[in-house]
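Beneath this line is the structure, given in C-alpha cells, with notes to follow.
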Amino acid sequence: LRRVFDSEVTISSVVHLAGLKAVGESVEKPHIYYDNNVLGSINLCNVMAEYDCKSLVFSSSATVYGDARSCPIKESHHLSATSPYGRSKLIIEEMLRDTCAADEDWGVVILRYFNPVGAHPSGVLGEDPKGIPNNLMPYIAKVATGKREFLSVFGNDYPTRDGTGVRDYLHIMDLSRGHVSAIDKLEGEGFKGAEAFNLGTGTGISVLEMVDAFRAASQQPIPFKFEER
C-alpha cells in the first residue's frame, strides 16, 4: 500500500472493493474473513491516514440487514448479520463510523450492494468464476454455455409469485455509476462523516424470472431442476 501511495500518482480518494465474499465459506472459515476483510480494512485506513488521504468509498453489502423485516429495505433498517461474512462487513462499517467520529477530516460513503449481476457491454469484463459458481447469474451462464448440465433451484414453495426465491438484482454498470456518484459526493461536495447508501433497484426478481430473462436474451435453453431448500 505504501508503495502505491509513494508513486507519482496523487491519491485523493480510495474505493475499497477488496474482500472475501462467499457466505458459505465464511461459515466454514470465519477467521479468514475477519483477518482478510476486517484487518485488511484497518491496515488500509492506517496507511491512508499516514498519507493524509481521508476520503473513502467502502463496498459493503445488504447482508448487514440480516433477515430483513420490511421491503423495500431502507438504510435506517435495523442492522444485524447472519454469517461471518456479514459480520465482517458490519464490523468494518462500525469501525469507519468510529474513525469519522474521532477525526472530522474523514469522509466515508458506505455502499450497501444488493445483488450485482451482468457484465460490461463490451463483454471484456464480467463474471466467470472457476469451479462451481456461488451466485445465480454466473451459474445460469455456465448452464447456457454447456459447462453445467442444469441449474438447481432450491425451493419452489416460497410465498412469491412463482414459488422461487426473490432477490433485488442490480446491473454492474449501474453499480459502477453509484461509485462515481459517491466520489462526486466526497470530492465535489466535500462530504465529511460517514453515511450509508443502498445500491439496488427496489424491485425483486425471482429465480425463474431470471432464468426466463436469460433464456430470452441468449436464445439458449436453461434446463433446471427443483431441489429441497
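Ordering of the C-alpha cells sets the chain letters (A, B, ...); residue numbers start at 1 within each chain; ligands are numbered from 1 in the order shown.
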Original post:
Contacts of Asn37 of chain A at 8 Å or less, counting only C-alpha atoms, minus same-chain residues fewer than 4 places along, as JSON, numbers by chain?
Top reply: {"A": [18, 19, 20, 33, 41, 88, 89, 92]}
**OP:** DSSP on the backbone, then: every residue of segment 84-219 of chain A marked strand (DSSP E or B), written as a VMD selection string.
**Re:** chain A and resid 107 to 113 115 to 117 151 to 154 166 to 167 169 to 171 193 to 199 205 to 206
Output the selection as a compact mmCIF listing (two decimals), in the first residue's frame - C-alpha atoms for each residue.
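And here is the file that came out, part_19.txt:
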```
# COMPACT_ATOMS: atom_id res chain seq x y z
CA GLY A 107 -15.32 11.40 4.68
CA VAL A 108 -16.71 7.90 4.10
CA VAL A 109 -19.50 6.75 1.81
CA ILE A 110 -20.69 3.22 2.59
CA LEU A 111 -22.38 1.48 -0.34
CA ARG A 112 -24.57 -1.46 0.59
CA TYR A 113 -24.90 -3.64 -2.51
CA ASN A 115 -27.09 -8.49 -5.80
CA PRO A 116 -24.78 -7.21 -8.58
CA VAL A 117 -25.10 -9.10 -11.87
CA LEU A 151 -29.46 -25.26 -12.72
CA SER A 152 -30.55 -26.44 -9.27
CA VAL A 153 -33.38 -24.28 -7.97
CA PHE A 154 -33.62 -24.67 -4.22
CA VAL A 166 -36.77 -13.41 -4.90
CA ARG A 167 -33.82 -11.02 -4.77
CA TYR A 169 -30.59 -7.73 -8.77
CA LEU A 170 -28.51 -4.71 -9.80
CA HIS A 171 -26.59 -4.43 -13.07
CA GLY A 193 -18.50 11.99 8.24
CA ALA A 194 -19.93 8.59 7.32
CA GLU A 195 -23.16 7.82 5.51
CA ALA A 196 -24.59 4.60 4.05
CA PHE A 197 -26.48 4.27 0.79
CA ASN A 198 -28.25 1.22 -0.62
CA LEU A 199 -27.45 0.24 -4.21
CA ILE A 205 -36.81 -10.77 -9.33
CA SER A 206 -37.44 -14.47 -8.80
```
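Relative to atom CA of Leu44 of chain A, atom CA of Ile91 of chain A is found at 14.7 Å.
Using only C-alpha atoms, the smallest distance between any of A:Gly202, A:Arg215, A:Met173, A:Arg97 and Ala62 of chain A comes from A:Gly202.
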Subject >> Every residue of segment 118-197 of chain A that DSSP places in helix (DSSP H, G or I), as a PyMOL selection string >> reply: chain A and resi 136-144+172-188
Give me the residues near Leu186 of chain A as a short mmCIF file (atom, residue, chain, number, x, y, z; two decimals) with all heavy atoms, in the first residue's frame, where near means some atom within 9 Å (using only C-alpha atoms) and where sequence neighbours in that chain fewer than 5 positions away do not count.
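File produced: around_1.cif:
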```cif
data_model
loop_
_atom_site.label_atom_id
_atom_site.label_comp_id
_atom_site.auth_asym_id
_atom_site.auth_seq_id
_atom_site.Cartn_x
_atom_site.Cartn_y
_atom_site.Cartn_z
N SER A 13 -8.73 9.98 -3.12
CA SER A 13 -9.80 9.14 -2.59
C SER A 13 -9.50 7.68 -2.90
O SER A 13 -8.80 7.37 -3.86
CB SER A 13 -11.15 9.52 -3.21
OG SER A 13 -11.56 10.82 -2.85
N SER A 55 -10.53 10.16 2.36
CA SER A 55 -11.76 10.11 1.56
C SER A 55 -11.93 8.68 1.05
O SER A 55 -11.10 8.20 0.28
CB SER A 55 -11.67 11.10 0.40
OG SER A 55 -12.80 11.04 -0.42
N LEU A 56 -12.99 8.01 1.48
CA LEU A 56 -13.11 6.58 1.21
C LEU A 56 -14.53 6.19 0.80
O LEU A 56 -15.51 6.64 1.39
CB LEU A 56 -12.73 5.79 2.47
CG LEU A 56 -12.87 4.26 2.42
CD1 LEU A 56 -11.83 3.66 1.48
CD2 LEU A 56 -12.73 3.67 3.82
N VAL A 57 -14.61 5.34 -0.23
CA VAL A 57 -15.86 4.69 -0.60
C VAL A 57 -15.70 3.22 -0.24
O VAL A 57 -14.79 2.55 -0.72
CB VAL A 57 -16.16 4.82 -2.11
CG1 VAL A 57 -17.45 4.09 -2.46
CG2 VAL A 57 -16.25 6.28 -2.51
N GLY A 107 -14.03 11.49 5.36
CA GLY A 107 -15.32 11.40 4.68
C GLY A 107 -15.47 9.99 4.12
O GLY A 107 -14.60 9.54 3.36
N VAL A 108 -16.53 9.29 4.51
CA VAL A 108 -16.71 7.90 4.10
C VAL A 108 -18.13 7.69 3.57
O VAL A 108 -19.10 8.02 4.25
CB VAL A 108 -16.47 6.93 5.28
CG1 VAL A 108 -16.75 5.49 4.85
CG2 VAL A 108 -15.04 7.07 5.81
N VAL A 109 -18.22 7.16 2.36
CA VAL A 109 -19.50 6.75 1.81
C VAL A 109 -19.54 5.22 1.81
O VAL A 109 -18.67 4.58 1.22
CB VAL A 109 -19.72 7.28 0.38
CG1 VAL A 109 -20.97 6.69 -0.23
CG2 VAL A 109 -19.82 8.81 0.39
N SER A 181 -20.79 8.42 -8.37
CA SER A 181 -21.59 9.40 -7.63
C SER A 181 -21.07 9.56 -6.21
O SER A 181 -21.08 10.67 -5.65
CB SER A 181 -23.06 8.97 -7.59
OG SER A 181 -23.63 8.97 -8.88
N PHE A 191 -17.94 16.16 1.25
CA PHE A 191 -18.66 15.48 2.32
C PHE A 191 -17.71 14.96 3.40
O PHE A 191 -16.67 14.40 3.11
CB PHE A 191 -19.46 14.31 1.75
CG PHE A 191 -20.11 13.45 2.79
CD1 PHE A 191 -21.27 13.87 3.43
CD2 PHE A 191 -19.56 12.22 3.14
CE1 PHE A 191 -21.87 13.07 4.39
CE2 PHE A 191 -20.15 11.42 4.10
CZ PHE A 191 -21.31 11.85 4.73
N LYS A 192 -18.10 15.15 4.66
CA LYS A 192 -17.35 14.62 5.80
C LYS A 192 -18.29 13.79 6.67
O LYS A 192 -19.50 13.97 6.65
CB LYS A 192 -16.73 15.75 6.63
CG LYS A 192 -15.79 16.66 5.85
CD LYS A 192 -14.60 15.90 5.29
CE LYS A 192 -13.67 16.82 4.51
NZ LYS A 192 -12.54 16.08 3.87
#
```
**OP:** Find the spatial neighbours of segment 74-83 of chain A, counting only C-alpha atoms, within a cut-off of 6 Å - ignore same-chain residues fewer than 5 positions away - and output them as a ChimeraX atom specification.
**Re:** /A:64-66
Writing out the chosen residues with N, CA and C atoms as a PDB file, in the first residue's frame:
```pdb
ATOM      1  N   VAL A  64     -25.823  -6.827   5.708  1.00  0.00           N
ATOM      2  CA  VAL A  64     -25.761  -6.236   7.053  1.00  0.00           C
ATOM      3  C   VAL A  64     -27.158  -6.013   7.632  1.00  0.00           C
ATOM      4  N   TYR A  65     -28.194  -6.185   6.813  1.00  0.00           N
ATOM      5  CA  TYR A  65     -29.564  -6.058   7.320  1.00  0.00           C
ATOM      6  C   TYR A  65     -30.082  -7.377   7.895  1.00  0.00           C
ATOM      7  N   GLY A  66     -29.302  -8.445   7.752  1.00  0.00           N
ATOM      8  CA  GLY A  66     -29.717  -9.731   8.289  1.00  0.00           C
ATOM      9  C   GLY A  66     -31.002 -10.201   7.641  1.00  0.00           C
TER      10      GLY A  66
END
```
Original post:
Any idea what the distance is between atom CA of Glu28 of chain A and atom CA of Arg148 of chain A?
Top reply: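 We find that atom CA of Glu28 of chain A and atom CA of Arg148 of chain A lie 25.0 Å from each other.
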Subject >> Who sits within 12 Å of Thr145 of chain A, only C-alpha atoms, same chain under 3 positions skipped, as a list in words >> reply: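 Using only C-alpha atoms, the neighbours found are Asp128, Pro138, Tyr139, Ile140, Ala141, Lys142, Arg148, Glu149, Phe150, Phe214, Arg215, Ser218, Gln219, Gln220, Pro221, Ile222 and Pro223 of chain A.
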Subject >> Near-Asp157 of chain A list (12 Å; only C-alpha atoms; drop same-chain fewer than 2 positions) as a list in words >> reply: Val153, Phe154, Gly155, Pro159, Thr160, Arg161, Asp162, Gly163, Thr164, Gly165, Val166, Phe226, Glu227, Glu228 and Arg229 of chain A
Original post:
Which of these, A:Asn36, A:Ser12, A:Ser26, A:Ser61, has the shortest distance to Met48 of chain A once you count only C-alpha atoms?
Top reply: A:Ser12
**OP:** Name the closest residue to Ala216 of chain A among the candidates A:Asn134, A:Gly188, A:Lys29, A:Ala144; distances are taken between atoms, counting only C-alpha atoms.
**Re:**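 Closest residue, counting only C-alpha atoms: A:Ala144.
Excluding Ile172 of chain A itself and same-chain residues fewer than 3 positions from it, the residues having an atom within 8 Å of it are A:Pro116, A:Val117, A:Gly118, A:Ala119, A:His120, A:Leu175, A:Ser176, counting only C-alpha atoms.
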Original post:
atom CA of Glu25 of chain A to atom CA of Ile132 of chain A: how many Å, to one decimal?
Top reply: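 Atom-to-atom, atom CA of Glu25 of chain A and atom CA of Ile132 of chain A are spaced 12.9 Å apart.
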